[in-house]
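Trainee: Here you go, this is protein.cif (mmCIF, C-alpha atoms).
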```cif
data_input
loop_
_atom_site.label_atom_id
_atom_site.label_comp_id
_atom_site.auth_asym_id
_atom_site.auth_seq_id
_atom_site.Cartn_x
_atom_site.Cartn_y
_atom_site.Cartn_z
CA TYR F 1 86.55 117.73 96.00
CA GLN F 2 90.10 116.91 95.00
CA GLN F 3 89.51 118.05 91.43
CA ALA F 4 88.13 121.37 92.66
CA LEU F 5 91.22 121.87 94.82
CA GLN F 6 93.52 121.00 91.93
CA GLN F 7 91.75 123.55 89.72
CA GLN F 8 92.53 126.17 92.37
CA GLY F 9 96.20 125.34 92.01
CA VAL F 10 96.83 123.99 95.50
CA LYS F 11 100.01 122.05 96.23
CA GLU F 12 99.33 118.69 97.86
CA LEU F 13 101.49 118.15 100.95
CA PHE F 14 100.04 114.90 102.31
CA ARG F 15 97.38 112.35 101.40
CA CYS F 16 96.22 109.04 102.80
CA SER F 17 93.34 106.71 102.07
CA GLY F 18 91.67 103.87 103.87
CA ARG F 19 93.35 102.16 106.78
CA SER F 20 96.66 103.93 106.09
CA CYS F 21 95.04 107.05 107.64
CA GLY F 22 94.57 105.22 110.94
CA PRO F 23 91.25 104.74 112.73
CA SER F 24 88.45 107.06 111.64
CA ASN F 25 87.25 107.45 115.24
CA LEU F 26 90.59 109.17 115.98
CA TRP F 27 89.97 111.71 113.20
CA ALA F 28 86.29 112.17 114.12
CA ASN F 29 86.61 112.44 117.89
CA ASP F 30 90.14 113.57 118.71
CA ILE F 31 91.28 115.65 115.75
CA PHE F 32 88.14 117.24 114.29
CA ASP F 33 85.79 116.82 117.32
CA VAL F 34 82.92 116.03 114.92
CA ALA F 35 81.44 112.66 115.94
CA TYR F 36 79.38 112.14 112.78
CA LEU F 37 82.63 111.80 110.80
CA TYR F 38 83.17 108.38 112.40
CA GLY F 39 82.83 105.77 109.68
CA TYR F 40 84.52 102.84 108.01
CA ASP F 41 88.31 102.98 108.29
CA SER F 42 88.55 101.57 104.76
CA ASP F 43 86.33 104.35 103.33
CA GLN F 44 88.16 107.45 104.54
CA HIS F 45 90.40 109.91 102.72
CA TYR F 46 92.52 112.76 104.07
CA GLN F 47 94.38 115.47 102.19
CA LEU F 48 96.44 118.44 103.33
CA ALA F 49 97.28 121.00 100.66
CA GLN F 50 98.89 124.42 100.55
CA ARG F 51 96.97 127.12 98.72
CA GLN F 52 99.66 129.78 99.03
CA GLU F 53 102.26 130.77 101.60
CA GLY F 54 100.63 130.48 105.02
CA GLU F 55 97.29 129.15 103.72
CA TYR F 56 96.31 125.50 103.89
CA VAL F 57 93.32 123.35 103.02
CA VAL F 58 92.31 120.18 104.88
CA LEU F 59 89.91 117.75 103.22
CA TYR F 60 88.58 114.68 105.04
CA THR F 61 85.89 112.39 103.63
CA VAL F 62 84.40 109.23 105.10
CA THR F 63 81.51 106.84 104.45
CA ARG F 64 79.51 105.87 107.52
CA GLY F 65 77.73 102.63 108.33
CA ASN F 66 74.50 104.05 106.89
CA ARG F 67 76.40 104.30 103.54
CA LYS F 68 76.15 108.10 103.53
CA SER F 69 79.33 109.98 102.75
CA TYR F 70 80.43 113.05 104.69
CA ALA F 71 83.11 115.62 103.97
CA LEU F 72 84.93 118.17 106.09
CA LEU F 73 86.75 120.99 104.33
CA ASP F 74 88.77 123.42 106.45
CA HIS F 75 90.72 126.45 105.33
CA LEU F 76 93.60 127.31 107.66
CA ARG F 77 95.62 130.50 107.67
CA VAL F 78 98.83 131.00 109.64
CA MET F 79 98.72 134.40 111.31
CA ASP F 80 101.90 136.35 112.01
#
```
I need this file expressed as structure tokens, please.
Mentor:
Amino acid sequence: YQQALQQQGVKELFRCSGRSCGPSNLWANDIFDVAYLYGYDSDQHYQLAQRQEGEYVVLYTVTRGNRKSYALLDHLRVMD
């Protein structure tokens, strides 16, 4: 996913991996409101990137206890 974003020329603004992102249940339940994104804290990755002025991309990946990996990719646009 990160390579695909880089090929689109996005500018990375923030990235964290593993426990430095905080608890994955916070991301899953409180931020994204998608419970199936709850997984191992050590197997999560978050990236915020800017595509162009006013357009952002959020990428969150996590591996759950069943060893399946899940990804959430959001495109955000600031409206005037």
Trainee: For atom CA of F:His75 and atom CA of F:Phe14, determine how far apart the two atoms are, in Å to one decimal place.
Mentor: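 We find that atom CA of F:His75 and atom CA of F:Phe14 lie 15.1 Å from each other.
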Trainee: Give as a list in words the residues that the PyMOL selection byres ((chain F and resi 54) around 10) matches when applied to the coordinates above.
Mentor: Gln50, Arg51, Gln52, Glu53, Glu55, Tyr56, Leu76, Arg77, Val78, Met79 and Asp80 of chain F
Trainee: Pull out every residue that the PyMOL selection byres ((chain F and resi 13) around 6) matches in the shown coordinates and put them as a PDB file with C-alpha atoms, in the coordinates of the input.
Mentor:
```pdb
ATOM      1  CA  GLU F  12      99.330 118.690  97.860  1.00  0.00           C
ATOM      2  CA  PHE F  14     100.040 114.900 102.310  1.00  0.00           C
ATOM      3  CA  LEU F  48      96.440 118.440 103.330  1.00  0.00           C
ATOM      4  CA  ALA F  49      97.280 121.000 100.660  1.00  0.00           C
TER       5      ALA F  49
END
```
Trainee: Could you check the closest approach to F:Cys21 for each of F:Val62, F:Val57, F:Tyr36, F:Gln8 and tell me which residue wins, using only C-alpha atoms?
Mentor: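 Of the candidates, the smallest distance to F:Cys21 is held by F:Val62.
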Trainee: The centre and edge lengths of an axis-aligned box containing all atoms of stretch 8-22 of chain F present in the file, extended by 4 Å on each side, are to be given in Å to one decimal, as AutoDock Vina command-line options.
Mentor:
```
--center_x 96.6 --center_y 114.2 --center_z 101.5 --size_x 17.8 --size_y 32.0 --size_z 26.9
```
Trainee: Mind giving me the straight-line distance from atom CA of F:Thr63 to atom CA of F:Gly9 in Å, one decimal?
Mentor: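 Going from atom CA of F:Thr63 over to atom CA of F:Gly9 covers 26.7 Å.
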Trainee: Which residues, protein or nucleic acid, reach to within 12 Å of (88.7, 120.1, 95.2) in the file's coordinates when using all atoms listed in the file, and can you give that as JSON, numbers by chain?
Mentor: {"F": [1, 2, 3, 4, 5, 6, 7, 8, 9, 10, 11, 12, 47, 48, 49, 51, 57, 58, 59, 60, 61, 71, 72, 73, 74]}
Trainee: Care to translate the PyMOL selection byres ((chain F and resi 37) around 10) into actual residues of this file, as a list in words?
Mentor: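 That expression, the PyMOL selection byres ((chain F and resi 37) around 10), corresponds here to Ser24, Asn25, Leu26, Trp27, Ala28, Asn29, Phe32, Asp33, Val34, Ala35, Tyr36, Tyr38, Gly39, Tyr40, Gln44, Tyr60, Thr61, Val62, Thr63, Arg64, Ser69, Tyr70, Ala71 and Leu72 of chain F.
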Trainee: Just C-alpha atoms for this one: save the residues we selected as a PDB file, in the coordinates of the input.
Mentor:
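Everything below was put into result-v1.pdb:
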```
ATOM      1  CA  SER F  24      88.450 107.060 111.640  1.00  0.00           C
ATOM      2  CA  ASN F  25      87.250 107.450 115.240  1.00  0.00           C
ATOM      3  CA  LEU F  26      90.590 109.170 115.980  1.00  0.00           C
ATOM      4  CA  TRP F  27      89.970 111.710 113.200  1.00  0.00           C
ATOM      5  CA  ALA F  28      86.290 112.170 114.120  1.00  0.00           C
ATOM      6  CA  ASN F  29      86.610 112.440 117.890  1.00  0.00           C
ATOM      7  CA  PHE F  32      88.140 117.240 114.290  1.00  0.00           C
ATOM      8  CA  ASP F  33      85.790 116.820 117.320  1.00  0.00           C
ATOM      9  CA  VAL F  34      82.920 116.030 114.920  1.00  0.00           C
ATOM     10  CA  ALA F  35      81.440 112.660 115.940  1.00  0.00           C
ATOM     11  CA  TYR F  36      79.380 112.140 112.780  1.00  0.00           C
ATOM     12  CA  TYR F  38      83.170 108.380 112.400  1.00  0.00           C
ATOM     13  CA  GLY F  39      82.830 105.770 109.680  1.00  0.00           C
ATOM     14  CA  TYR F  40      84.520 102.840 108.010  1.00  0.00           C
ATOM     15  CA  GLN F  44      88.160 107.450 104.540  1.00  0.00           C
ATOM     16  CA  TYR F  60      88.580 114.680 105.040  1.00  0.00           C
ATOM     17  CA  THR F  61      85.890 112.390 103.630  1.00  0.00           C
ATOM     18  CA  VAL F  62      84.400 109.230 105.100  1.00  0.00           C
ATOM     19  CA  THR F  63      81.510 106.840 104.450  1.00  0.00           C
ATOM     20  CA  ARG F  64      79.510 105.870 107.520  1.00  0.00           C
ATOM     21  CA  SER F  69      79.330 109.980 102.750  1.00  0.00           C
ATOM     22  CA  TYR F  70      80.430 113.050 104.690  1.00  0.00           C
ATOM     23  CA  ALA F  71      83.110 115.620 103.970  1.00  0.00           C
ATOM     24  CA  LEU F  72      84.930 118.170 106.090  1.00  0.00           C
TER      25      LEU F  72
END
```
